[in-house]
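Here's the structure we're looking at; comments come further down.
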Amino acid sequence: CGIAYRNRTAQIRACTIVHLPQIQGEDVTLARALDWVAEHAEEYHITAVNLSALDDREHTEPVPTVLDAPLRRLREKNIWVSAPCGNNQHTAGISWPACQENCYAIGSVWQEKVYNDRFHNTDLLVHAQFTSSSNAYAAACYMIWREAVEKTGFDWTKYGATMPEAAM
């Protein structure tokens, strides 16, 4: 049945290509897409966003862009947002937008070792050959976790200020 069985996913294309040659311009279209998600989250019961874009560079810190405000808004609305760290074997940083605050950076573990791009700003390692697959698994797991919380009435508030933080 797949991950997040009976959950719905919507594919939203908000950038020109997945492996971005530059952030400028793409951050604006991604920010618009995230604003749309925030505005329609309740209507469509959106609980997670899997950002698939990355710039294939080694960022040790967040890169200030117009994406920051929509990311913060979604976190405050208890919506999970994550992005892959990258698949370039970088060890001194991870790709944008995974490096941003309020966006979980998802790395991969393959054959029992940390694999592909990694740095101390990686938030979660998931078993998969590529960080894009790891990111998809993490977003789906959050969807399942959130559904379980809603169905059982579990009090997540003692584990974090927002649902994504509690899930982590």
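So you can find residues: chains in the structure tokens are A, B, ... in the order shown, residues in each start at 1, and ligands are numbered from 1 in order.
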
DSSP-assigned strand (DSSP E) among range 69-124 of chain A, expressed as a list in words: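 DSSP on the backbone gives strand (DSSP E) at Trp80, Val81, Ser82, Ala83, Pro84, Tyr104, Ala105, Ile106, Gly107, Ser108, Val109, Trp110, Lys113, Val114, Tyr115 and Leu124 of chain A.
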
At most 8 Å is the cut-off: for each residue in range 70-111 of chain A with any atom that close to an atom of range 137-143 of chain A, write down the nearest atom pair and the distance in Å rounded to one decimal, counting only C-alpha atoms, chain first then increasing number, as a Markdown table.
| residue | atom | partner | partner_atom | distance |
| --- | --- | --- | --- | --- |
| A:Trp80 | CA | A:Ala139 | CA | 7.0 |
| A:Val81 | CA | A:Ala139 | CA | 7.5 |
| A:Ser82 | CA | A:Ala139 | CA | 7.0 |
| A:Ile106 | CA | A:Ala138 | CA | 7.6 |

Among listed residues A:Glu39, A:Glu76, A:Glu58, A:Asp27, nearest Asp117 in chain A (using only C-alpha atoms): A:Glu58

Nearest to Leu74 in chain A, restricted to only C-alpha atoms and choosing among A:Phe154, A:Gln22, A:Pro164, A:His127, comes out as A:Pro164

My list of candidates is A:Ile79, A:Leu67, A:Val114, A:Leu124. Which is closest to Gln100 in chain A when distances are computed with only C-alpha atoms? A:Leu67

Could you pull the residues within 10 Å of Asp55 in chain A, counting only C-alpha atoms, minus those fewer than 4 positions along the same chain, as JSON, numbers by chain? {"A": [17, 18, 19, 20, 21, 22, 23, 59, 85, 86, 94, 95, 96, 97, 98]}

Just-selected residues, all heavy atoms written as a CSV table (one decimal), in the first residue's frame:
chain,number,residue,atom,x,y,z
A,17,ILE,N,14.0,23.5,-12.2
A,17,ILE,CA,14.6,22.2,-12.2
A,17,ILE,C,15.0,21.8,-10.7
A,17,ILE,O,15.0,22.7,-9.8
A,17,ILE,CB,16.0,22.1,-13.0
A,17,ILE,CG1,17.0,23.2,-12.5
A,17,ILE,CG2,15.7,22.3,-14.5
A,17,ILE,CD1,18.3,23.1,-13.2
A,18,VAL,N,15.2,20.6,-10.4
A,18,VAL,CA,15.4,20.1,-9.1
A,18,VAL,C,16.8,20.6,-8.6
A,18,VAL,O,17.0,21.1,-7.5
A,18,VAL,CB,15.3,18.6,-8.9
A,18,VAL,CG1,15.8,18.1,-7.6
A,18,VAL,CG2,13.8,18.2,-9.1
A,19,HIS,N,17.9,20.4,-9.4
A,19,HIS,CA,19.2,20.8,-9.1
A,19,HIS,C,19.5,22.2,-9.6
A,19,HIS,O,19.8,22.4,-10.7
A,19,HIS,CB,20.2,19.8,-9.7
A,19,HIS,CG,20.1,18.4,-9.1
A,19,HIS,ND1,20.7,18.1,-7.9
A,19,HIS,CD2,19.4,17.3,-9.4
A,19,HIS,CE1,20.4,16.8,-7.6
A,19,HIS,NE2,19.6,16.3,-8.5
A,20,LEU,N,19.3,23.1,-8.7
A,20,LEU,CA,19.3,24.5,-9.0
A,20,LEU,C,20.7,25.1,-9.3
A,20,LEU,O,21.6,24.9,-8.5
A,20,LEU,CB,18.7,25.4,-7.9
A,20,LEU,CG,17.2,25.0,-7.5
A,20,LEU,CD1,16.9,25.7,-6.2
A,20,LEU,CD2,16.3,25.3,-8.6
A,21,PRO,N,20.9,25.7,-10.4
A,21,PRO,CA,22.2,26.3,-10.7
A,21,PRO,C,22.4,27.6,-9.8
A,21,PRO,O,23.6,28.0,-9.5
A,21,PRO,CB,22.2,26.7,-12.1
A,21,PRO,CG,20.7,26.8,-12.5
A,21,PRO,CD,20.0,25.9,-11.6
A,22,GLN,N,21.3,28.2,-9.3
A,22,GLN,CA,21.4,29.4,-8.5
A,22,GLN,C,20.1,29.4,-7.6
A,22,GLN,O,19.1,28.9,-8.0
A,22,GLN,CB,21.6,30.6,-9.2
A,22,GLN,CG,20.5,31.0,-10.2
A,22,GLN,CD,20.7,32.3,-10.9
A,22,GLN,OE1,21.8,32.8,-11.0
A,22,GLN,NE2,19.6,32.8,-11.5
A,23,ILE,N,20.2,30.1,-6.5
A,23,ILE,CA,19.0,30.2,-5.6
A,23,ILE,C,18.2,31.4,-6.1
A,23,ILE,O,17.0,31.3,-6.1
A,23,ILE,CB,19.5,30.4,-4.2
A,23,ILE,CG1,20.2,29.2,-3.7
A,23,ILE,CG2,18.3,30.7,-3.3
A,23,ILE,CD1,20.9,29.4,-2.3
A,59,HIS,N,26.5,24.4,2.3
A,59,HIS,CA,26.2,25.5,3.2
A,59,HIS,C,26.4,25.1,4.6
A,59,HIS,O,25.8,24.1,5.0
A,59,HIS,CB,24.8,26.0,2.9
A,59,HIS,CG,24.5,26.5,1.5
A,59,HIS,ND1,25.0,27.7,1.1
A,59,HIS,CD2,23.9,25.9,0.5
A,59,HIS,CE1,24.6,27.8,-0.2
A,59,HIS,NE2,23.9,26.7,-0.6
A,85,CYS,N,19.5,16.8,1.9
A,85,CYS,CA,20.8,17.4,2.1
A,85,CYS,C,21.6,17.5,0.8
A,85,CYS,O,22.4,18.4,0.6
A,85,CYS,CB,21.6,16.7,3.2
A,85,CYS,SG,21.0,16.8,4.8
A,86,GLY,N,21.5,16.5,-0.1
A,86,GLY,CA,22.2,16.5,-1.4
A,86,GLY,C,22.9,15.2,-1.5
A,86,GLY,O,23.2,14.4,-0.5
A,94,ILE,N,25.6,21.4,3.7
A,94,ILE,CA,24.5,20.7,3.0
A,94,ILE,C,23.9,21.7,2.0
A,94,ILE,O,24.1,22.9,2.2
A,94,ILE,CB,23.5,20.1,3.9
A,94,ILE,CG1,22.9,21.2,4.9
A,94,ILE,CG2,24.1,19.0,4.7
A,94,ILE,CD1,21.8,20.7,5.8
A,95,SER,N,23.0,21.2,1.1
A,95,SER,CA,22.4,22.1,0.1
A,95,SER,C,21.3,23.0,0.7
A,95,SER,O,20.8,22.7,1.8
A,95,SER,CB,21.8,21.2,-1.0
A,95,SER,OG,22.7,20.6,-1.7
A,96,TRP,N,21.0,24.0,0.0
A,96,TRP,CA,19.9,24.9,0.2
A,96,TRP,C,18.7,24.3,-0.5
A,96,TRP,O,18.9,23.7,-1.6
A,96,TRP,CB,20.2,26.3,-0.4
A,96,TRP,CG,19.0,27.3,-0.2
A,96,TRP,CD1,18.8,28.1,0.8
A,96,TRP,CD2,17.9,27.4,-1.1
A,96,TRP,NE1,17.7,28.8,0.6
A,96,TRP,CE2,17.1,28.4,-0.6
A,96,TRP,CE3,17.5,26.9,-2.3
A,96,TRP,CZ2,15.9,28.9,-1.2
A,96,TRP,CZ3,16.4,27.3,-2.9
A,96,TRP,CH2,15.6,28.3,-2.3
A,97,PRO,N,17.5,24.2,0.0
A,97,PRO,CA,17.0,24.9,1.2
A,97,PRO,C,17.1,24.1,2.5
A,97,PRO,O,16.6,24.5,3.5
A,97,PRO,CB,15.6,25.2,0.9
A,97,PRO,CG,15.2,24.1,0.0
A,97,PRO,CD,16.4,23.7,-0.8
A,98,ALA,N,17.7,22.9,2.4
A,98,ALA,CA,17.8,22.0,3.6
A,98,ALA,C,18.5,22.8,4.8
A,98,ALA,O,18.3,22.5,5.9
A,98,ALA,CB,18.5,20.7,3.3
